[in-house]
Each structure stands twice: as C-alpha cells, then as structure tokens.
>>> print(open('my_file_19.csv').read())   # CSV, N, CA and C atoms
chain,number,residue,atom,x,y,z
A,1,MET,N,-23.5,11.9,6.1
A,1,MET,CA,-23.1,10.7,5.3
A,1,MET,C,-23.0,9.5,6.3
A,2,ALA,N,-23.4,8.4,5.8
A,2,ALA,CA,-23.3,7.2,6.7
A,2,ALA,C,-21.9,6.9,7.1
A,3,ARG,N,-21.8,6.1,8.2
A,3,ARG,CA,-20.5,5.7,8.7
A,3,ARG,C,-19.9,4.7,7.7
A,4,ILE,N,-18.6,4.9,7.5
A,4,ILE,CA,-17.9,3.9,6.6
A,4,ILE,C,-17.3,2.8,7.5
A,5,THR,N,-17.4,1.6,7.0
A,5,THR,CA,-16.8,0.5,7.8
A,5,THR,C,-15.8,-0.3,7.0
A,6,ILE,N,-14.9,-1.0,7.7
A,6,ILE,CA,-13.9,-1.8,7.0
A,6,ILE,C,-14.6,-2.8,6.1
A,7,GLU,N,-15.8,-3.3,6.5
A,7,GLU,CA,-16.5,-4.3,5.7
A,7,GLU,C,-17.0,-3.7,4.4
A,8,ASP,N,-17.3,-2.4,4.4
A,8,ASP,CA,-17.7,-1.8,3.1
A,8,ASP,C,-16.5,-1.8,2.2
A,9,CYS,N,-15.3,-1.5,2.7
A,9,CYS,CA,-14.1,-1.5,1.9
A,9,CYS,C,-13.7,-2.9,1.4
A,10,LEU,N,-13.9,-3.9,2.3
A,10,LEU,CA,-13.5,-5.2,1.9
A,10,LEU,C,-14.4,-5.8,0.8
A,11,LYS,N,-15.5,-5.2,0.5
A,11,LYS,CA,-16.3,-5.6,-0.7
A,11,LYS,C,-15.6,-5.2,-2.0
A,12,LYS,N,-14.7,-4.2,-1.9
A,12,LYS,CA,-14.0,-3.7,-3.0
A,12,LYS,C,-12.5,-4.3,-3.1
A,13,VAL,N,-12.0,-4.6,-1.9
A,13,VAL,CA,-10.6,-5.1,-1.8
A,13,VAL,C,-10.6,-6.5,-1.3
A,14,PRO,N,-9.8,-7.4,-1.9
A,14,PRO,CA,-9.9,-8.8,-1.4
A,14,PRO,C,-9.3,-9.2,-0.1
A,15,SER,N,-8.5,-8.3,0.5
A,15,SER,CA,-7.7,-8.7,1.7
A,15,SER,C,-7.6,-7.5,2.6
A,16,ARG,N,-7.7,-7.8,3.9
A,16,ARG,CA,-7.4,-6.7,4.9
A,16,ARG,C,-6.0,-6.1,4.8
A,17,PHE,N,-5.1,-6.9,4.5
A,17,PHE,CA,-3.7,-6.5,4.5
A,17,PHE,C,-3.5,-5.5,3.3
A,18,LEU,N,-4.1,-5.9,2.2
A,18,LEU,CA,-4.0,-5.1,1.0
A,18,LEU,C,-4.8,-3.7,1.2
A,19,LEU,N,-5.9,-3.8,1.9
A,19,LEU,CA,-6.6,-2.6,2.3
A,19,LEU,C,-5.8,-1.7,3.1
A,20,VAL,N,-5.1,-2.2,4.1
A,20,VAL,CA,-4.2,-1.4,4.9
A,20,VAL,C,-3.2,-0.7,4.1
A,21,ASN,N,-2.6,-1.4,3.2
A,21,ASN,CA,-1.5,-0.8,2.3
A,21,ASN,C,-2.1,0.3,1.4
A,22,MET,N,-3.3,0.0,0.9
A,22,MET,CA,-3.9,1.0,0.0
A,22,MET,C,-4.3,2.3,0.8
A,23,VAL,N,-4.8,2.1,1.9
A,23,VAL,CA,-5.2,3.3,2.7
A,23,VAL,C,-4.0,4.1,3.1
A,24,ALA,N,-2.9,3.4,3.6
A,24,ALA,CA,-1.7,4.1,4.0
A,24,ALA,C,-1.1,4.9,2.8
A,25,LYS,N,-1.1,4.3,1.6
A,25,LYS,CA,-0.5,5.0,0.4
A,25,LYS,C,-1.4,6.2,0.1
A,26,ARG,N,-2.7,6.0,0.1
A,26,ARG,CA,-3.6,7.1,-0.2
A,26,ARG,C,-3.5,8.2,0.8
A,27,VAL,N,-3.4,7.9,2.1
A,27,VAL,CA,-3.2,9.0,3.1
A,27,VAL,C,-1.9,9.8,2.8
A,28,ARG,N,-0.8,9.1,2.5
A,28,ARG,CA,0.4,9.7,2.1
A,28,ARG,C,0.2,10.7,1.0
A,29,GLN,N,-0.5,10.2,-0.1
A,29,GLN,CA,-0.8,11.1,-1.2
A,29,GLN,C,-1.6,12.3,-0.8
A,30,ILE,N,-2.6,12.1,0.0
A,30,ILE,CA,-3.4,13.3,0.4
A,30,ILE,C,-2.5,14.3,1.2
A,31,ARG,N,-1.7,13.8,2.1
A,31,ARG,CA,-0.9,14.6,2.9
A,31,ARG,C,0.2,15.3,2.1
A,32,GLU,N,0.5,14.8,1.0
A,32,GLU,CA,1.5,15.4,0.1
A,32,GLU,C,0.8,16.4,-0.9
A,33,GLY,N,-0.5,16.6,-0.7
A,33,GLY,CA,-1.2,17.6,-1.5
A,33,GLY,C,-2.2,17.1,-2.6
A,34,SER,N,-2.4,15.8,-2.7
A,34,SER,CA,-3.4,15.3,-3.6
A,34,SER,C,-4.8,15.7,-3.2
A,35,ASP,N,-5.6,16.0,-4.2
A,35,ASP,CA,-7.0,16.4,-3.9
A,35,ASP,C,-7.9,15.2,-3.4
A,36,TYR,N,-8.9,15.5,-2.6
A,36,TYR,CA,-9.8,14.5,-2.2
A,36,TYR,C,-10.6,14.0,-3.4
A,37,LEU,N,-10.9,12.7,-3.5
A,37,LEU,CA,-11.7,12.2,-4.6
A,37,LEU,C,-13.2,12.1,-4.3
A,38,VAL,N,-13.5,12.3,-3.0
A,38,VAL,CA,-14.9,12.3,-2.6
A,38,VAL,C,-15.1,13.6,-1.6
A,39,SER,N,-16.3,14.1,-1.5
A,39,SER,CA,-16.6,15.2,-0.7
A,39,SER,C,-16.7,14.6,0.8
A,40,SER,N,-15.9,15.1,1.6
A,40,SER,CA,-15.9,14.5,3.0
A,40,SER,C,-15.3,15.6,4.0
A,41,PRO,N,-16.1,16.7,4.2
A,41,PRO,CA,-15.6,17.7,5.1
A,41,PRO,C,-15.5,17.3,6.5
A,42,LYS,N,-14.5,17.9,7.2
A,42,LYS,CA,-14.3,17.6,8.6
A,42,LYS,C,-13.9,16.2,9.0
A,43,ASN,N,-13.4,15.4,8.1
A,43,ASN,CA,-13.0,14.1,8.3
A,43,ASN,C,-11.4,14.0,8.3
A,44,GLU,N,-10.9,13.1,9.0
A,44,GLU,CA,-9.4,12.9,8.9
A,44,GLU,C,-9.1,12.2,7.6
A,45,ASP,N,-7.8,12.3,7.3
A,45,ASP,CA,-7.3,11.8,6.0
A,45,ASP,C,-7.6,10.3,5.9
A,46,ILE,N,-7.5,9.6,7.0
A,46,ILE,CA,-7.7,8.1,6.9
A,46,ILE,C,-9.1,7.8,6.6
A,47,VAL,N,-10.0,8.6,7.2
A,47,VAL,CA,-11.5,8.3,6.9
A,47,VAL,C,-11.8,8.7,5.4
A,48,VAL,N,-11.2,9.8,5.0
A,48,VAL,CA,-11.4,10.2,3.6
A,48,VAL,C,-10.9,9.1,2.6
A,49,SER,N,-9.7,8.5,2.9
A,49,SER,CA,-9.2,7.5,2.0
A,49,SER,C,-10.1,6.2,2.1
A,50,LEU,N,-10.6,5.9,3.2
A,50,LEU,CA,-11.5,4.7,3.3
A,50,LEU,C,-12.8,5.0,2.5
A,51,ARG,N,-13.3,6.2,2.6
A,51,ARG,CA,-14.5,6.6,1.8
A,51,ARG,C,-14.3,6.5,0.3
A,52,GLU,N,-13.1,6.9,-0.1
A,52,GLU,CA,-12.7,6.9,-1.5
A,52,GLU,C,-12.6,5.4,-2.0
A,53,ILE,N,-12.1,4.5,-1.2
A,53,ILE,CA,-12.0,3.1,-1.6
A,53,ILE,C,-13.4,2.5,-1.6
A,54,ALA,N,-14.3,2.8,-0.6
A,54,ALA,CA,-15.6,2.3,-0.6
A,54,ALA,C,-16.5,2.8,-1.8
A,55,ALA,N,-16.1,4.0,-2.3
A,55,ALA,CA,-16.9,4.6,-3.4
A,55,ALA,C,-16.3,4.2,-4.7
A,56,ASP,N,-15.3,3.3,-4.7
A,56,ASP,CA,-14.6,2.9,-6.0
A,56,ASP,C,-13.9,4.1,-6.7
A,57,ARG,N,-13.4,5.0,-5.9
A,57,ARG,CA,-12.7,6.1,-6.5
A,57,ARG,C,-11.2,5.8,-6.5
A,58,VAL,N,-10.8,4.8,-5.7
A,58,VAL,CA,-9.4,4.4,-5.6
A,58,VAL,C,-9.4,2.9,-5.9
A,59,SER,N,-8.6,2.4,-6.8
A,59,SER,CA,-8.6,1.0,-7.1
A,59,SER,C,-7.1,0.5,-7.2
A,60,LEU,N,-7.0,-0.8,-7.3
A,60,LEU,CA,-5.7,-1.5,-7.4
A,60,LEU,C,-5.2,-1.3,-8.8
A,61,ARG,N,-3.9,-1.1,-8.9
A,61,ARG,CA,-3.2,-1.1,-10.2
A,61,ARG,C,-2.0,-2.0,-10.1
A,62,ALA,N,-1.9,-2.9,-11.0
A,62,ALA,CA,-0.8,-3.9,-11.0
A,62,ALA,C,0.5,-3.1,-11.4
A,63,GLY,N,1.5,-3.2,-10.5
A,63,GLY,CA,2.8,-2.5,-10.7
A,63,GLY,C,3.8,-3.5,-11.3
A,64,GLU,N,4.9,-2.9,-11.6
A,64,GLU,CA,6.0,-3.8,-12.1
A,64,GLU,C,6.6,-4.5,-11.0
A,65,PRO,N,7.0,-5.7,-11.2
A,65,PRO,CA,7.7,-6.5,-10.1
A,65,PRO,C,9.0,-5.9,-9.7
A,66,ASP,N,9.4,-6.1,-8.5
A,66,ASP,CA,10.6,-5.6,-7.9
A,66,ASP,C,11.7,-6.5,-8.5
A,67,PRO,N,12.7,-5.9,-9.2
A,67,PRO,CA,13.8,-6.8,-9.8
A,67,PRO,C,14.6,-7.5,-8.8
A,68,LYS,N,14.7,-6.9,-7.6
A,68,LYS,CA,15.5,-7.6,-6.5
A,68,LYS,C,14.8,-8.9,-6.1
A,69,LYS,N,13.5,-9.0,-6.1
A,69,LYS,CA,12.8,-10.2,-5.8
A,69,LYS,C,12.9,-11.2,-6.8
A,70,LEU,N,13.1,-10.8,-8.1
A,70,LEU,CA,13.2,-11.8,-9.2
A,70,LEU,C,14.6,-12.3,-9.4
A,71,ALA,N,15.6,-11.6,-9.0
A,71,ALA,CA,17.0,-12.0,-9.2
A,71,ALA,C,17.3,-13.3,-8.4
A,72,PRO,N,18.1,-14.2,-9.0
A,72,PRO,CA,18.5,-15.4,-8.2
A,72,PRO,C,19.4,-14.9,-7.1
A,73,PRO,N,19.5,-15.7,-6.0
A,73,PRO,CA,20.4,-15.3,-4.9
A,73,PRO,C,21.8,-15.3,-5.3
A,74,VAL,N,22.6,-14.4,-4.8
A,74,VAL,CA,24.0,-14.3,-5.2
A,74,VAL,C,24.8,-15.1,-4.1
A,75,GLU,N,25.6,-16.0,-4.7
A,75,GLU,CA,26.4,-16.8,-3.8
A,75,GLU,C,27.7,-16.0,-3.5
A,76,GLU,N,28.1,-15.9,-2.2
A,76,GLU,CA,29.3,-15.2,-1.9
A,76,GLU,C,30.5,-16.2,-1.9
A,77,PRO,N,31.6,-15.7,-2.4
A,77,PRO,CA,32.8,-16.6,-2.5
A,77,PRO,C,33.2,-16.9,-1.1
A,78,GLU,N,33.8,-18.1,-1.0
A,78,GLU,CA,34.3,-18.5,0.3
A,78,GLU,C,35.5,-17.7,0.6
A,79,ALA,N,35.7,-17.3,1.9
A,79,ALA,CA,36.8,-16.6,2.3
A,79,ALA,C,38.0,-17.5,2.3
A,80,GLU,N,39.2,-17.0,1.9
A,80,GLU,CA,40.4,-17.7,1.9
A,80,GLU,C,41.0,-17.5,3.3
A,81,THR,N,41.5,-18.6,3.8
A,81,THR,CA,42.2,-18.5,5.1
A,81,THR,C,43.7,-18.8,4.9
A,82,GLU,N,44.5,-18.1,5.6
A,82,GLU,CA,45.9,-18.3,5.5
A,82,GLU,C,46.4,-19.2,6.6
A,83,VAL,N,47.3,-20.1,6.3
A,83,VAL,CA,47.7,-21.1,7.2
A,83,VAL,C,49.2,-20.9,7.4
A,84,ASP,N,49.7,-20.7,8.7
A,84,ASP,CA,51.1,-20.6,8.9
A,84,ASP,C,51.7,-21.9,9.0
A,85,THR,N,52.9,-22.1,8.3
A,85,THR,CA,53.6,-23.4,8.3
A,85,THR,C,54.9,-23.2,9.0
>>> encode(input="my_file_19.csv", output="structure tokens")
Amino acid sequence: MARITIEDCLKKVPSRFLLVNMVAKRVRQIREGSDYLVSSPKNEDIVVSLREIAADRVSLRAGEPDPKKLAPPVEEPEAETEVDT
C-alpha cells in the first residue's frame, strides 16, 4: 500500500490540530480493543488511524458543548476582614 502522508489526511480534515486530536482519540480506541477499519497489517496504531482518516473511515462528529465552558464565571464573595479596635 502506498505511504500515507499528513497532506492526504488534511484533504479530509480542515486543521492539523484537529487531525492530531482525531488520531490520538482513534489510537486510544484501537488500544482499548476497537477493530481496525482498514486492512493494514504490520503497521503501528498511529499509522492505521491515519490510514483510516485518509480512507474516510473515521470522520468528525459534532459533540455536545461542555457545560463548564458555557456557564458564566462565578464571582467569589469578598473575604471579610476583622479589625481590632
């Protein structure tokens, strides 16, 4: 099989940063027991995940937003100080 390049994957993913996150997540899935989505004998998990992305076997899925990021910042009450008289 031909060599896989980052440029091949960037045709499917809009950003290098997003590609790194996708590959890392897919490698974790493979190491936790997920089956390969492409035939790629004798390759390391990272190469397999790159091949899967280039072959359109792995794609982006919009997730739910993190509620912590949507919540307004919490203002902490000012500490009361005691004054000796």
>>> atom_distance(input="my_file_19.csv", atom1="CA of Ser40 in chain A", atom2="CA of Ile53 in chain A")
12.9 Å
>>> atom_distance(input="my_file_19.csv", atom1="CA of Cys9 in chain A", atom2="CA of Ala54 in chain A")
4.8 Å
>>> atom_distance(input="my_file_19.csv", atom1="CA of Leu50 in chain A", atom2="CA of Ala62 in chain A")
19.8 Å
>>> closest_residue(input="my_file_19.csv", among="A:Val38, A:Leu60, A:Ile30, A:Val48", to="Ser15 in chain A", atoms="only C-alpha atoms")
A:Leu60
>>> closest_residue(input="my_file_19.csv", among="A:Arg3, A:Arg16, A:Arg26, A:Lys11", to="Asp45 in chain A", atoms="all atoms listed in the file")
A:Arg26
>>> closest_residue(input="my_file_19.csv", among="A:Gly63, A:Arg28, A:Val58, A:Val13", to="Ile46 in chain A", atoms="only C-alpha atoms")
A:Arg28
>>> axis_aligned_box(input="my_file_19.csv", around="range 45-56 of chain A", padding_each_side="3 Å", output="lines of an AutoDock Vina configuration file")
center_x = -12.1
center_y = 7.3
center_z = 0.3
size_x = 15.6
size_y = 16.0
size_z = 20.0
